[in-house]
>>> print(open('coords.txt').read())   # compact mmCIF, N, CA and C atoms
# COMPACT_ATOMS: atom_id res chain seq x y z
N MET A 976 37.64 -31.57 -71.38
CA MET A 976 37.29 -30.27 -70.87
C MET A 976 38.32 -29.89 -69.80
N ALA A 977 38.79 -28.67 -69.84
CA ALA A 977 39.80 -28.20 -68.89
C ALA A 977 39.15 -27.75 -67.59
N ASN A 978 39.89 -27.92 -66.51
CA ASN A 978 39.45 -27.40 -65.22
C ASN A 978 39.88 -25.96 -65.11
N LEU A 979 38.95 -25.06 -64.97
CA LEU A 979 39.26 -23.65 -64.81
C LEU A 979 38.95 -23.23 -63.39
N THR A 980 39.90 -22.55 -62.78
CA THR A 980 39.66 -22.00 -61.46
C THR A 980 39.40 -20.51 -61.63
N ILE A 981 38.23 -20.08 -61.24
CA ILE A 981 37.89 -18.67 -61.35
C ILE A 981 38.14 -18.02 -60.00
N ILE A 982 38.99 -17.02 -60.01
CA ILE A 982 39.33 -16.29 -58.80
C ILE A 982 38.55 -14.99 -58.80
N SER A 983 37.92 -14.69 -57.68
CA SER A 983 37.18 -13.44 -57.58
C SER A 983 38.15 -12.26 -57.67
N PRO A 984 37.67 -11.10 -58.12
CA PRO A 984 38.55 -9.93 -58.21
C PRO A 984 39.19 -9.57 -56.88
N ILE A 985 38.45 -9.75 -55.79
CA ILE A 985 39.00 -9.43 -54.47
C ILE A 985 40.14 -10.38 -54.13
N ASP A 986 39.96 -11.67 -54.38
CA ASP A 986 41.04 -12.63 -54.13
C ASP A 986 42.24 -12.36 -55.03
N GLN A 987 41.99 -11.97 -56.27
CA GLN A 987 43.08 -11.65 -57.18
C GLN A 987 43.88 -10.45 -56.67
N ILE A 988 43.19 -9.43 -56.20
CA ILE A 988 43.86 -8.24 -55.66
C ILE A 988 44.71 -8.63 -54.45
N LYS A 989 44.20 -9.50 -53.61
CA LYS A 989 44.94 -9.93 -52.42
C LYS A 989 46.22 -10.67 -52.78
N ASN A 990 46.27 -11.27 -53.97
CA ASN A 990 47.45 -12.01 -54.41
C ASN A 990 48.49 -11.14 -55.10
N GLN A 991 48.19 -9.89 -55.32
CA GLN A 991 49.07 -9.01 -56.07
C GLN A 991 50.09 -8.33 -55.16
N ASN A 992 51.07 -7.70 -55.79
CA ASN A 992 52.13 -6.98 -55.10
C ASN A 992 51.53 -5.75 -54.41
N MET A 993 51.58 -5.71 -53.09
CA MET A 993 50.91 -4.67 -52.31
C MET A 993 51.86 -3.54 -51.90
N VAL A 994 52.67 -3.06 -52.83
CA VAL A 994 53.62 -2.00 -52.50
C VAL A 994 53.37 -0.79 -53.41
N LEU A 995 53.32 0.39 -52.78
CA LEU A 995 53.20 1.66 -53.50
C LEU A 995 54.33 2.56 -53.02
N VAL A 996 55.11 3.08 -53.96
CA VAL A 996 56.21 4.00 -53.64
C VAL A 996 55.78 5.41 -54.04
N ILE A 997 55.87 6.35 -53.08
CA ILE A 997 55.47 7.73 -53.31
C ILE A 997 56.65 8.64 -53.01
N GLU A 998 56.90 9.57 -53.89
CA GLU A 998 57.91 10.60 -53.64
C GLU A 998 57.17 11.89 -53.30
N SER A 999 57.36 12.36 -52.05
CA SER A 999 56.67 13.57 -51.63
C SER A 999 57.36 14.18 -50.42
N GLU A 1000 57.30 15.48 -50.35
CA GLU A 1000 57.80 16.21 -49.19
C GLU A 1000 56.64 16.71 -48.33
N GLU A 1001 55.41 16.48 -48.77
CA GLU A 1001 54.23 16.97 -48.07
C GLU A 1001 53.93 16.14 -46.82
N ARG A 1002 53.32 16.79 -45.83
CA ARG A 1002 52.88 16.09 -44.63
C ARG A 1002 51.52 15.44 -44.85
N ILE A 1003 50.69 16.05 -45.68
CA ILE A 1003 49.38 15.49 -46.05
C ILE A 1003 49.38 15.31 -47.58
N ILE A 1004 49.10 14.10 -48.02
CA ILE A 1004 49.05 13.79 -49.44
C ILE A 1004 47.62 13.39 -49.77
N GLU A 1005 46.97 14.12 -50.67
CA GLU A 1005 45.65 13.77 -51.17
C GLU A 1005 45.79 13.59 -52.68
N GLU A 1006 45.71 12.35 -53.13
CA GLU A 1006 46.05 12.05 -54.51
C GLU A 1006 45.25 10.84 -54.99
N SER A 1007 45.05 10.77 -56.30
CA SER A 1007 44.46 9.58 -56.93
C SER A 1007 45.60 8.71 -57.45
N TYR A 1008 45.48 7.42 -57.28
CA TYR A 1008 46.51 6.49 -57.72
C TYR A 1008 45.89 5.35 -58.50
N SER A 1009 46.62 4.87 -59.48
CA SER A 1009 46.26 3.67 -60.21
C SER A 1009 47.22 2.58 -59.72
N LEU A 1010 46.69 1.64 -58.96
CA LEU A 1010 47.51 0.60 -58.34
C LEU A 1010 47.54 -0.66 -59.20
N PHE A 1011 48.65 -1.34 -59.18
CA PHE A 1011 48.79 -2.67 -59.80
C PHE A 1011 48.63 -2.63 -61.32
N GLU A 1012 49.17 -1.62 -61.97
CA GLU A 1012 49.01 -1.50 -63.43
C GLU A 1012 49.61 -2.68 -64.18
N ASP A 1013 50.64 -3.32 -63.62
CA ASP A 1013 51.29 -4.45 -64.29
C ASP A 1013 50.75 -5.79 -63.82
N GLU A 1014 49.71 -5.78 -63.01
CA GLU A 1014 49.12 -7.01 -62.49
C GLU A 1014 47.83 -7.32 -63.25
N GLU A 1015 47.16 -8.41 -62.87
CA GLU A 1015 45.94 -8.82 -63.58
C GLU A 1015 44.77 -7.87 -63.33
N VAL A 1016 44.67 -7.34 -62.12
CA VAL A 1016 43.58 -6.42 -61.80
C VAL A 1016 44.18 -5.09 -61.36
N ASN A 1017 43.84 -4.04 -62.09
CA ASN A 1017 44.29 -2.68 -61.80
C ASN A 1017 43.19 -2.00 -61.00
N VAL A 1018 43.58 -1.27 -59.93
CA VAL A 1018 42.59 -0.61 -59.07
C VAL A 1018 42.90 0.88 -59.00
N ASP A 1019 41.90 1.71 -59.25
CA ASP A 1019 42.03 3.16 -59.12
C ASP A 1019 41.41 3.57 -57.79
N VAL A 1020 42.17 4.38 -57.03
CA VAL A 1020 41.71 4.82 -55.71
C VAL A 1020 42.07 6.28 -55.48
N ASP A 1021 41.33 6.91 -54.59
CA ASP A 1021 41.71 8.19 -54.00
C ASP A 1021 42.30 7.87 -52.64
N MET A 1022 43.40 8.54 -52.29
CA MET A 1022 44.01 8.32 -50.98
C MET A 1022 44.27 9.63 -50.28
N GLU A 1023 44.04 9.60 -48.99
CA GLU A 1023 44.44 10.68 -48.10
C GLU A 1023 45.47 10.07 -47.15
N ILE A 1024 46.70 10.56 -47.23
CA ILE A 1024 47.80 9.99 -46.45
C ILE A 1024 48.38 11.08 -45.55
N GLU A 1025 48.45 10.79 -44.26
CA GLU A 1025 49.14 11.68 -43.34
C GLU A 1025 50.52 11.07 -43.08
N VAL A 1026 51.56 11.87 -43.34
CA VAL A 1026 52.93 11.39 -43.26
C VAL A 1026 53.56 11.84 -41.94
N GLU A 1027 54.29 10.93 -41.32
CA GLU A 1027 55.02 11.23 -40.10
C GLU A 1027 56.51 11.10 -40.41
N ASN A 1028 57.31 12.02 -39.94
CA ASN A 1028 58.75 11.99 -40.19
C ASN A 1028 59.49 11.64 -38.91
N HIS A 1029 60.15 10.48 -38.91
CA HIS A 1029 60.93 10.02 -37.77
C HIS A 1029 62.40 10.38 -38.01
N PRO A 1030 63.06 11.01 -37.05
CA PRO A 1030 64.47 11.35 -37.23
C PRO A 1030 65.36 10.13 -37.51
N GLU A 1031 65.05 9.00 -36.88
CA GLU A 1031 65.87 7.80 -37.05
C GLU A 1031 65.44 6.94 -38.23
N TYR A 1032 64.13 6.86 -38.48
CA TYR A 1032 63.61 5.90 -39.46
C TYR A 1032 63.15 6.51 -40.77
N GLY A 1033 63.03 7.81 -40.85
CA GLY A 1033 62.55 8.46 -42.06
C GLY A 1033 61.03 8.62 -42.05
N LYS A 1034 60.46 8.67 -43.21
CA LYS A 1034 59.02 8.93 -43.35
C LYS A 1034 58.21 7.64 -43.27
N SER A 1035 57.03 7.78 -42.67
CA SER A 1035 56.11 6.65 -42.60
C SER A 1035 54.67 7.18 -42.63
N VAL A 1036 53.75 6.28 -42.87
CA VAL A 1036 52.34 6.64 -42.93
C VAL A 1036 51.78 6.65 -41.51
N LYS A 1037 51.25 7.78 -41.11
CA LYS A 1037 50.62 7.90 -39.79
C LYS A 1037 49.14 7.55 -39.88
N LYS A 1038 48.49 8.01 -40.96
CA LYS A 1038 47.05 7.79 -41.14
C LYS A 1038 46.79 7.62 -42.63
N LEU A 1039 45.88 6.71 -42.96
CA LEU A 1039 45.56 6.43 -44.36
C LEU A 1039 44.06 6.25 -44.52
N LYS A 1040 43.51 6.90 -45.55
CA LYS A 1040 42.11 6.69 -45.94
C LYS A 1040 42.10 6.36 -47.43
N VAL A 1041 41.46 5.26 -47.78
CA VAL A 1041 41.38 4.81 -49.17
C VAL A 1041 39.93 4.83 -49.63
N SER A 1042 39.68 5.45 -50.78
CA SER A 1042 38.35 5.44 -51.40
C SER A 1042 38.46 4.77 -52.77
N PHE A 1043 37.70 3.71 -52.95
CA PHE A 1043 37.70 2.95 -54.20
C PHE A 1043 37.06 3.76 -55.32
N LEU A 1044 37.68 3.77 -56.50
CA LEU A 1044 37.10 4.44 -57.66
C LEU A 1044 36.67 3.44 -58.73
N ASN A 1045 37.59 2.53 -59.10
CA ASN A 1045 37.33 1.65 -60.23
C ASN A 1045 38.30 0.47 -60.20
N ALA A 1046 37.92 -0.63 -60.83
CA ALA A 1046 38.82 -1.77 -61.02
C ALA A 1046 38.75 -2.20 -62.47
N TYR A 1047 39.89 -2.61 -63.00
CA TYR A 1047 40.00 -2.96 -64.41
C TYR A 1047 40.71 -4.30 -64.54
N ASP A 1048 40.15 -5.20 -65.31
CA ASP A 1048 40.75 -6.50 -65.58
C ASP A 1048 41.68 -6.37 -66.78
N ASN A 1049 42.99 -6.45 -66.53
CA ASN A 1049 43.97 -6.30 -67.60
C ASN A 1049 43.98 -7.48 -68.56
N ARG A 1050 43.54 -8.65 -68.12
CA ARG A 1050 43.49 -9.81 -69.01
C ARG A 1050 42.36 -9.68 -70.02
N GLU A 1051 41.19 -9.29 -69.53
CA GLU A 1051 40.01 -9.18 -70.37
C GLU A 1051 39.83 -7.79 -70.99
N CYS A 1052 40.67 -6.83 -70.56
CA CYS A 1052 40.61 -5.45 -71.07
C CYS A 1052 39.21 -4.84 -70.89
N GLU A 1053 38.71 -4.96 -69.66
CA GLU A 1053 37.40 -4.38 -69.37
C GLU A 1053 37.30 -4.01 -67.90
N ASP A 1054 36.43 -3.02 -67.61
CA ASP A 1054 36.17 -2.64 -66.23
C ASP A 1054 35.47 -3.79 -65.52
N LEU A 1055 35.78 -3.96 -64.24
CA LEU A 1055 35.10 -4.97 -63.44
C LEU A 1055 33.83 -4.37 -62.85
N ILE A 1056 32.76 -5.12 -62.92
CA ILE A 1056 31.49 -4.70 -62.33
C ILE A 1056 31.46 -5.25 -60.91
N LEU A 1057 31.50 -4.35 -59.93
CA LEU A 1057 31.52 -4.75 -58.53
C LEU A 1057 30.35 -4.09 -57.79
N ASN A 1058 29.80 -4.80 -56.82
CA ASN A 1058 28.73 -4.21 -56.02
C ASN A 1058 29.35 -3.35 -54.91
N ASP A 1059 28.53 -2.64 -54.18
CA ASP A 1059 29.02 -1.73 -53.14
C ASP A 1059 29.79 -2.46 -52.04
N LEU A 1060 29.33 -3.64 -51.68
CA LEU A 1060 30.01 -4.42 -50.65
C LEU A 1060 31.42 -4.80 -51.11
N GLU A 1061 31.56 -5.24 -52.35
CA GLU A 1061 32.88 -5.60 -52.88
C GLU A 1061 33.80 -4.38 -52.94
N LYS A 1062 33.25 -3.23 -53.32
CA LYS A 1062 34.05 -2.01 -53.37
C LYS A 1062 34.55 -1.62 -51.99
N ARG A 1063 33.68 -1.72 -50.98
CA ARG A 1063 34.09 -1.41 -49.60
C ARG A 1063 35.12 -2.41 -49.11
N GLU A 1064 34.96 -3.68 -49.47
CA GLU A 1064 35.91 -4.71 -49.05
C GLU A 1064 37.29 -4.45 -49.64
N ILE A 1065 37.34 -4.07 -50.92
CA ILE A 1065 38.62 -3.76 -51.56
C ILE A 1065 39.26 -2.55 -50.90
N ALA A 1066 38.49 -1.49 -50.69
CA ALA A 1066 39.04 -0.28 -50.05
C ALA A 1066 39.56 -0.60 -48.66
N SER A 1067 38.82 -1.36 -47.88
CA SER A 1067 39.24 -1.73 -46.54
C SER A 1067 40.50 -2.59 -46.57
N TYR A 1068 40.53 -3.55 -47.48
CA TYR A 1068 41.71 -4.42 -47.59
C TYR A 1068 42.95 -3.60 -47.94
N LEU A 1069 42.82 -2.69 -48.90
CA LEU A 1069 43.96 -1.86 -49.27
C LEU A 1069 44.38 -0.96 -48.12
N GLN A 1070 43.42 -0.39 -47.43
CA GLN A 1070 43.73 0.50 -46.31
C GLN A 1070 44.52 -0.23 -45.23
N ASN A 1071 44.24 -1.51 -45.02
CA ASN A 1071 44.89 -2.28 -43.97
C ASN A 1071 46.13 -3.04 -44.43
N ASN A 1072 46.30 -3.26 -45.73
CA ASN A 1072 47.38 -4.14 -46.19
C ASN A 1072 48.35 -3.53 -47.20
N LEU A 1073 48.01 -2.40 -47.78
CA LEU A 1073 48.90 -1.79 -48.77
C LEU A 1073 50.14 -1.27 -48.07
N ILE A 1074 51.30 -1.61 -48.58
CA ILE A 1074 52.57 -1.13 -48.05
C ILE A 1074 52.93 0.12 -48.82
N ILE A 1075 53.07 1.24 -48.10
CA ILE A 1075 53.38 2.52 -48.73
C ILE A 1075 54.76 2.95 -48.29
N LYS A 1076 55.64 3.14 -49.26
CA LYS A 1076 57.00 3.62 -48.99
C LYS A 1076 57.07 5.06 -49.47
N ILE A 1077 57.36 5.97 -48.54
CA ILE A 1077 57.43 7.40 -48.88
C ILE A 1077 58.88 7.82 -48.90
N GLN A 1078 59.27 8.41 -50.02
CA GLN A 1078 60.66 8.85 -50.20
C GLN A 1078 60.75 10.34 -50.25
>>> encode(input="coords.txt", output="C-alpha cells")
Amino acid sequence: MANLTIISPIDQIKNQNMVLVIESEERIIEESYSLFEDEEVNVDVDMEIEVENHPEYGKSVKKLKVSFLNAYDNRECEDLILNDLEKREIASYLQNNLIIKIQ
C-alpha cells in the first residue's frame, strides 16, 4: 500500500506561485481574476485594487480587497467544496501574500 499525503486546498494554494501581473492605467481596478490556472488549485476572486504611482519606482498596490468566488482542483477536474471559514482564510491569505505587479 502506498503512502499518500493529502494536502488541504489551503496548504496547496500557499505552495503555489503567488504572482499576478496586471496591465492597467487605472488608479482603481475592480476586476475578477482566475488565479493559478496552471497550478493544481485554481482560485477565482473579485479584487478591488487601489494603485499608487511612484515617480521613482513605478506603480504599486496601495490598497487591496480580495473576495473569494470559487476554487477548482485541476487534477481532479472538479470544484472544491469549501466551508465559509476556509473561503475567508483563502481570501485573507491572498490579500496578504499575493504579489501583484502592475504594468
>>> residues_around(input="coords.txt", residues="Glu1015 in chain A", least_positions_apart="3", cutoff="8 Å", atoms="only C-alpha atoms", output="PyMOL selection string")
chain A and resi 987+1011-1012+1048-1050
>>> closest_atom_pairs(input="coords.txt", of="range 1016-1076 of chain A", to="range 1001-1009 of chain A", cutoff="7 Å", atoms="only C-alpha atoms", output="CSV")
residue,atom,partner,partner_atom,distance
A:Asn1017,CA,A:Ser1009,CA,6.8
A:Val1018,CA,A:Ser1009,CA,5.8
A:Asp1019,CA,A:Ser1009,CA,4.4
A:Val1020,CA,A:Tyr1008,CA,5.5
A:Asp1021,CA,A:Ser1007,CA,4.3
A:Met1022,CA,A:Glu1006,CA,5.5
A:Glu1023,CA,A:Glu1005,CA,4.5
A:Ile1024,CA,A:Ile1004,CA,5.0
A:Glu1025,CA,A:Ile1003,CA,4.7
A:Val1026,CA,A:Arg1002,CA,4.9
A:Glu1027,CA,A:Arg1002,CA,7.0
>>> axis_aligned_box(input="coords.txt", around="range 1039-1048 of chain A", padding_each_side="8 Å", output="AutoDock Vina command-line options")
--center_x 41.3 --center_y 0.2 --center_z -54.9 --size_x 25.2 --size_y 29.4 --size_z 39.8
>>> atom_distance(input="coords.txt", atom1="CA of Leu1069 in chain A", atom2="atom C of Asp1013 in chain A")
16.5 Å
>>> atom_distance(input="coords.txt", atom1="atom N of Glu1000 in chain A", atom2="atom N of Ser1035 in chain A")
10.9 Å
>>> atom_distance(input="coords.txt", atom1="atom C of Glu998 in chain A", atom2="atom C of Pro1030 in chain A")
17.9 Å
>>> decode(input="coords.txt", residues="range 1028-1074 of chain A", atoms="C-alpha atoms", output="mmCIF file, in the first residue's frame")
data_model
loop_
_atom_site.group_PDB
_atom_site.id
_atom_site.type_symbol
_atom_site.label_atom_id
_atom_site.label_comp_id
_atom_site.auth_asym_id
_atom_site.auth_seq_id
_atom_site.Cartn_x
_atom_site.Cartn_y
_atom_site.Cartn_z
ATOM 1 C CA ASN A 1028 2.174 55.713 -8.903
ATOM 2 C CA HIS A 1029 5.681 56.466 -7.605
ATOM 3 C CA PRO A 1030 7.854 58.693 -9.818
ATOM 4 C CA GLU A 1031 10.968 56.653 -8.962
ATOM 5 C CA TYR A 1032 9.562 53.138 -8.545
ATOM 6 C CA GLY A 1033 6.547 52.988 -10.862
ATOM 7 C CA LYS A 1034 3.160 51.550 -9.955
ATOM 8 C CA SER A 1035 2.387 49.648 -6.789
ATOM 9 C CA VAL A 1036 -0.633 48.431 -4.862
ATOM 10 C CA LYS A 1037 -1.760 50.921 -2.226
ATOM 11 C CA LYS A 1038 -4.864 49.017 -1.093
ATOM 12 C CA LEU A 1039 -6.214 45.562 -1.911
ATOM 13 C CA LYS A 1040 -9.500 43.811 -1.161
ATOM 14 C CA VAL A 1041 -9.968 40.173 -2.199
ATOM 15 C CA SER A 1042 -13.333 38.374 -2.312
ATOM 16 C CA PHE A 1043 -13.268 34.609 -2.826
ATOM 17 C CA LEU A 1044 -15.578 33.257 -5.546
ATOM 18 C CA ASN A 1045 -14.601 29.656 -6.284
ATOM 19 C CA ALA A 1046 -11.773 27.103 -6.211
ATOM 20 C CA TYR A 1047 -11.186 24.359 -8.754
ATOM 21 C CA ASP A 1048 -8.975 21.275 -8.471
ATOM 22 C CA ASN A 1049 -7.174 20.952 -11.816
ATOM 23 C CA ARG A 1050 -6.005 17.407 -11.026
ATOM 24 C CA GLU A 1051 -9.467 16.052 -10.261
ATOM 25 C CA CYS A 1052 -11.275 18.414 -12.689
ATOM 26 C CA GLU A 1053 -13.867 19.435 -10.133
ATOM 27 C CA ASP A 1054 -14.875 22.392 -7.981
ATOM 28 C CA LEU A 1055 -13.596 22.267 -4.414
ATOM 29 C CA ILE A 1056 -16.225 22.231 -1.695
ATOM 30 C CA LEU A 1057 -15.067 24.681 0.973
ATOM 31 C CA ASN A 1058 -16.803 25.959 4.085
ATOM 32 C CA ASP A 1059 -17.113 29.681 4.872
ATOM 33 C CA LEU A 1060 -14.116 29.646 7.211
ATOM 34 C CA GLU A 1061 -11.884 28.108 4.515
ATOM 35 C CA LYS A 1062 -13.111 30.658 1.965
ATOM 36 C CA ARG A 1063 -12.314 33.545 4.323
ATOM 37 C CA GLU A 1064 -8.898 32.040 5.090
ATOM 38 C CA ILE A 1065 -8.051 31.790 1.383
ATOM 39 C CA ALA A 1066 -9.222 35.360 0.704
ATOM 40 C CA SER A 1067 -7.231 36.669 3.673
ATOM 41 C CA TYR A 1068 -4.120 34.720 2.680
ATOM 42 C CA LEU A 1069 -4.287 36.043 -0.883
ATOM 43 C CA GLN A 1070 -4.908 39.591 0.313
ATOM 44 C CA ASN A 1071 -1.773 39.443 2.483
ATOM 45 C CA ASN A 1072 0.549 37.333 0.309
ATOM 46 C CA LEU A 1073 -0.335 37.720 -3.369
ATOM 47 C CA ILE A 1074 2.368 39.624 -5.247
#
